[in-house]
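Asks: The structure that follows is given in the form of structure tokens.
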Amino acid sequence: MKWSRIAIAVAMSFSLCAFAADVRRGDVFRTASMQVIMCPTPPAGALYSRTLDFKDYAETGDAIAFDGVGNLYSVELMTTFITLDPMLHPIRRVPLAEVSSSITVDAAGFAYILGESGTMYVYSPAGMFQRSFTLPNLFLPAQNVSIDIANDGCTLFYVGAAGAASRFNACSGVALPALAPDEHFLAIRALADGGFVGSSGNELHFYDSSGRLAGQISLPNTDHIAALAFDVDPDYLWIGTENQLLRMNIRDHSIAAKTNFIAPHHLAVYGESRASTAVFPPPKRHGARH
């Protein structure tokens, strides 16, 4: 009965979809596995408003990222770099040098696509290959690696071997010291002040640029957090767990919106605005006793 209700709801959304979405700031796009039997089978990618009103499906690969003007970048079938315009219409397809399943986009619209060999390929907003370099500390083949690029346009954060939160300066080509060398993560997102947030099981750990643990949030009714993206309001974080998508206030942990979906892969928010560790109160200092 449960799966029947889900299938009916998905089918209704798919049949009523006008396939003319207009991507607005704050919209969230997700990719996920659809474990329901229906005809026609909807694409794995779907667009929602900030309040999680369904807007449209779109044919993309699992790996996704928005640029600064609302274009959606993706790796299709792990072999092609595609760009969709803000109406979710394909406007460009570029063959890739190798099989890839991870992508991130910087503020200038340059795409960073990680190949299974551990090689990072950089493409311009027009889809032109620019350069490549190798990321260290990866298990090979590098598949579905969580990667993100910081606001400085240089610092790449990625989940390396054994879940390590790894950093690499893409501008100088130099590996950077790990901020939390003893922790293991599944998903990672750069913060505005040089730190990062990483998911470990059902917990979120927030680190500042010095590696200090600034805050921690636990989601009690989930086994693991698989995907992360910040909202246009940096006080809010989009979270994909094993069975739901939700928008959470990281200050008070309240849930502003949520919906069920199956086996999340990636999240992308148009107009994403990253939080800083300033959202967490500093640790209390105990006065000296006399």
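The way I read the labels, and the way they are meant: chains A, B, ... in the order of the structure tokens, residue 1 as the first residue of every chain, and ligand 1 as the first ligand shown, with later ones counted on from there.
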Among the residues of region 209-283 of chain A, find those DSSP assigns to strand (DSSP E or B) from the backbone and print them as a PyMOL selection string.

Replies: chain A and resi 213-218+225-230+236-241+244-249+255-260+264-269

Asks: Export N, CA and C atoms of the chosen residues as a compact mmCIF listing (two decimals), in the first residue's frame?

Replies:
```txt
# COMPACT_ATOMS: atom_id res chain seq x y z
N LEU A 213 36.23 22.11 15.68
CA LEU A 213 34.83 21.70 15.54
C LEU A 213 33.96 22.80 16.13
N ALA A 214 33.25 23.53 15.27
CA ALA A 214 32.46 24.68 15.71
C ALA A 214 31.03 24.30 16.08
N GLY A 215 30.51 23.24 15.48
CA GLY A 215 29.13 22.86 15.76
C GLY A 215 28.85 21.46 15.27
N GLN A 216 27.81 20.86 15.82
CA GLN A 216 27.42 19.50 15.45
C GLN A 216 25.91 19.37 15.55
N ILE A 217 25.30 18.73 14.54
CA ILE A 217 23.86 18.53 14.51
C ILE A 217 23.59 17.07 14.22
N SER A 218 22.63 16.49 14.94
CA SER A 218 22.26 15.09 14.74
C SER A 218 20.83 15.01 14.22
N ILE A 225 23.40 10.67 6.07
CA ILE A 225 23.13 11.88 5.28
C ILE A 225 24.00 11.79 4.02
N ALA A 226 23.35 11.71 2.86
CA ALA A 226 24.06 11.40 1.62
C ALA A 226 24.39 12.62 0.77
N ALA A 227 23.66 13.73 0.94
CA ALA A 227 23.86 14.88 0.05
C ALA A 227 23.57 16.17 0.81
N LEU A 228 24.32 17.24 0.48
CA LEU A 228 24.20 18.52 1.16
C LEU A 228 24.26 19.67 0.15
N ALA A 229 23.53 20.75 0.45
CA ALA A 229 23.65 22.01 -0.31
C ALA A 229 23.05 23.12 0.55
N PHE A 230 23.65 24.29 0.50
CA PHE A 230 23.11 25.42 1.26
C PHE A 230 21.98 26.08 0.49
N TYR A 236 20.06 28.20 6.39
CA TYR A 236 19.37 26.96 6.07
C TYR A 236 20.26 26.05 5.21
N LEU A 237 20.11 24.75 5.46
CA LEU A 237 20.87 23.73 4.74
C LEU A 237 19.90 22.70 4.18
N TRP A 238 20.08 22.35 2.90
CA TRP A 238 19.33 21.27 2.29
C TRP A 238 20.06 19.96 2.56
N ILE A 239 19.31 18.93 2.97
CA ILE A 239 19.89 17.66 3.37
C ILE A 239 19.14 16.53 2.69
N GLY A 240 19.88 15.62 2.07
CA GLY A 240 19.30 14.41 1.51
C GLY A 240 19.69 13.22 2.35
N THR A 241 18.72 12.57 2.98
CA THR A 241 18.98 11.36 3.76
C THR A 241 18.60 10.15 2.91
N GLN A 244 14.51 10.92 2.54
CA GLN A 244 13.82 12.20 2.47
C GLN A 244 14.76 13.34 2.10
N LEU A 245 14.15 14.41 1.62
CA LEU A 245 14.83 15.67 1.32
C LEU A 245 14.24 16.72 2.26
N LEU A 246 15.10 17.46 2.96
CA LEU A 246 14.58 18.43 3.90
C LEU A 246 15.43 19.69 3.92
N ARG A 247 14.78 20.79 4.32
CA ARG A 247 15.43 22.09 4.47
C ARG A 247 15.43 22.44 5.94
N MET A 248 16.62 22.56 6.54
CA MET A 248 16.75 22.70 7.98
C MET A 248 17.45 24.01 8.35
N ASN A 249 16.96 24.65 9.40
CA ASN A 249 17.62 25.82 9.96
C ASN A 249 18.77 25.34 10.85
N ILE A 255 12.85 22.22 11.06
CA ILE A 255 12.68 21.76 9.69
C ILE A 255 11.64 22.65 9.00
N ALA A 256 12.09 23.36 7.95
CA ALA A 256 11.20 24.29 7.26
C ALA A 256 10.37 23.60 6.19
N ALA A 257 10.91 22.54 5.59
CA ALA A 257 10.19 21.81 4.55
C ALA A 257 10.83 20.43 4.41
N LYS A 258 10.02 19.44 4.04
CA LYS A 258 10.58 18.11 3.78
C LYS A 258 9.63 17.32 2.90
N THR A 259 10.20 16.36 2.18
CA THR A 259 9.41 15.49 1.33
C THR A 259 10.13 14.15 1.24
N ASN A 260 9.38 13.09 0.96
CA ASN A 260 9.97 11.78 0.82
C ASN A 260 10.52 11.59 -0.59
N PRO A 264 18.82 9.20 -2.36
CA PRO A 264 19.34 10.45 -2.92
C PRO A 264 20.77 10.30 -3.41
N HIS A 265 21.10 11.06 -4.45
CA HIS A 265 22.45 11.06 -4.98
C HIS A 265 23.12 12.41 -4.79
N HIS A 266 22.53 13.47 -5.37
CA HIS A 266 23.14 14.80 -5.30
C HIS A 266 22.05 15.87 -5.17
N LEU A 267 22.44 17.04 -4.63
CA LEU A 267 21.57 18.21 -4.51
C LEU A 267 22.30 19.42 -5.08
N ALA A 268 21.52 20.34 -5.66
CA ALA A 268 22.07 21.62 -6.13
C ALA A 268 21.01 22.69 -5.92
N VAL A 269 21.44 23.86 -5.44
CA VAL A 269 20.53 24.98 -5.18
C VAL A 269 20.98 26.17 -6.01
```

Asks: Name all residues at most 7 Å from region 138-148 of chain A (count only C-alpha atoms; drop same-chain ones fewer than 6 positions away) and give them as a ChimeraX atom specification.

Replies: /A:101-104,115-118,156-161,187-190

Asks: Skip Ala111 (chain A) itself and residues of its chain fewer than 2 positions away, then list as a PyMOL selection string all residues within 9 Å of it, counting only C-alpha atoms.

Replies: chain A and resi 65+67+73+103-106+109+113+121-125+127

Asks: Would you put the residues from that selection into a file with C-alpha atoms, as a PDB file, in the first residue's frame?

Replies:
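Written out: result23.pdb:
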```
ATOM      1  CA  ALA A  65      25.607  21.799 -10.012  1.00  0.00           C
ATOM      2  CA  ASP A  67      26.164  28.143 -12.123  1.00  0.00           C
ATOM      3  CA  TYR A  73      25.535  21.511 -15.221  1.00  0.00           C
ATOM      4  CA  ILE A 103      31.068  17.794 -10.584  1.00  0.00           C
ATOM      5  CA  THR A 104      31.274  21.191  -8.921  1.00  0.00           C
ATOM      6  CA  VAL A 105      31.068  24.729 -10.341  1.00  0.00           C
ATOM      7  CA  ASP A 106      32.851  27.868  -9.124  1.00  0.00           C
ATOM      8  CA  GLY A 109      30.882  29.311 -13.960  1.00  0.00           C
ATOM      9  CA  ILE A 113      34.692  17.320 -13.300  1.00  0.00           C
ATOM     10  CA  TYR A 121      39.139  18.404 -15.687  1.00  0.00           C
ATOM     11  CA  VAL A 122      38.260  22.103 -15.782  1.00  0.00           C
ATOM     12  CA  TYR A 123      35.831  23.500 -18.379  1.00  0.00           C
ATOM     13  CA  SER A 124      34.889  27.104 -19.133  1.00  0.00           C
ATOM     14  CA  PRO A 125      31.275  28.341 -18.991  1.00  0.00           C
ATOM     15  CA  GLY A 127      32.164  24.166 -22.363  1.00  0.00           C
TER      16      GLY A 127
END
```

Asks: Would you work out the distance separating CA of Arg131 (chain A) from CA of Cys171 (chain A), expressed in Å to one decimal?

Replies: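 Straight-line distance from CA of Arg131 (chain A) to CA of Cys171 (chain A) works out to 11.0 Å.
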
Asks: Point out the residue among A:Ser33, A:Ile250, A:Tyr270, A:Asn137 with the least atom-to-atom distance to Leu72 (chain A), counting only C-alpha atoms.

Replies: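 Result for the nearest residue to Leu72 (chain A): A:Tyr270.
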
Asks: CA of Arg30 (chain A) and CA of Ala263 (chain A) are how many Å apart?

Replies: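 Separation of CA of Arg30 (chain A) and CA of Ala263 (chain A): 10.6 Å.
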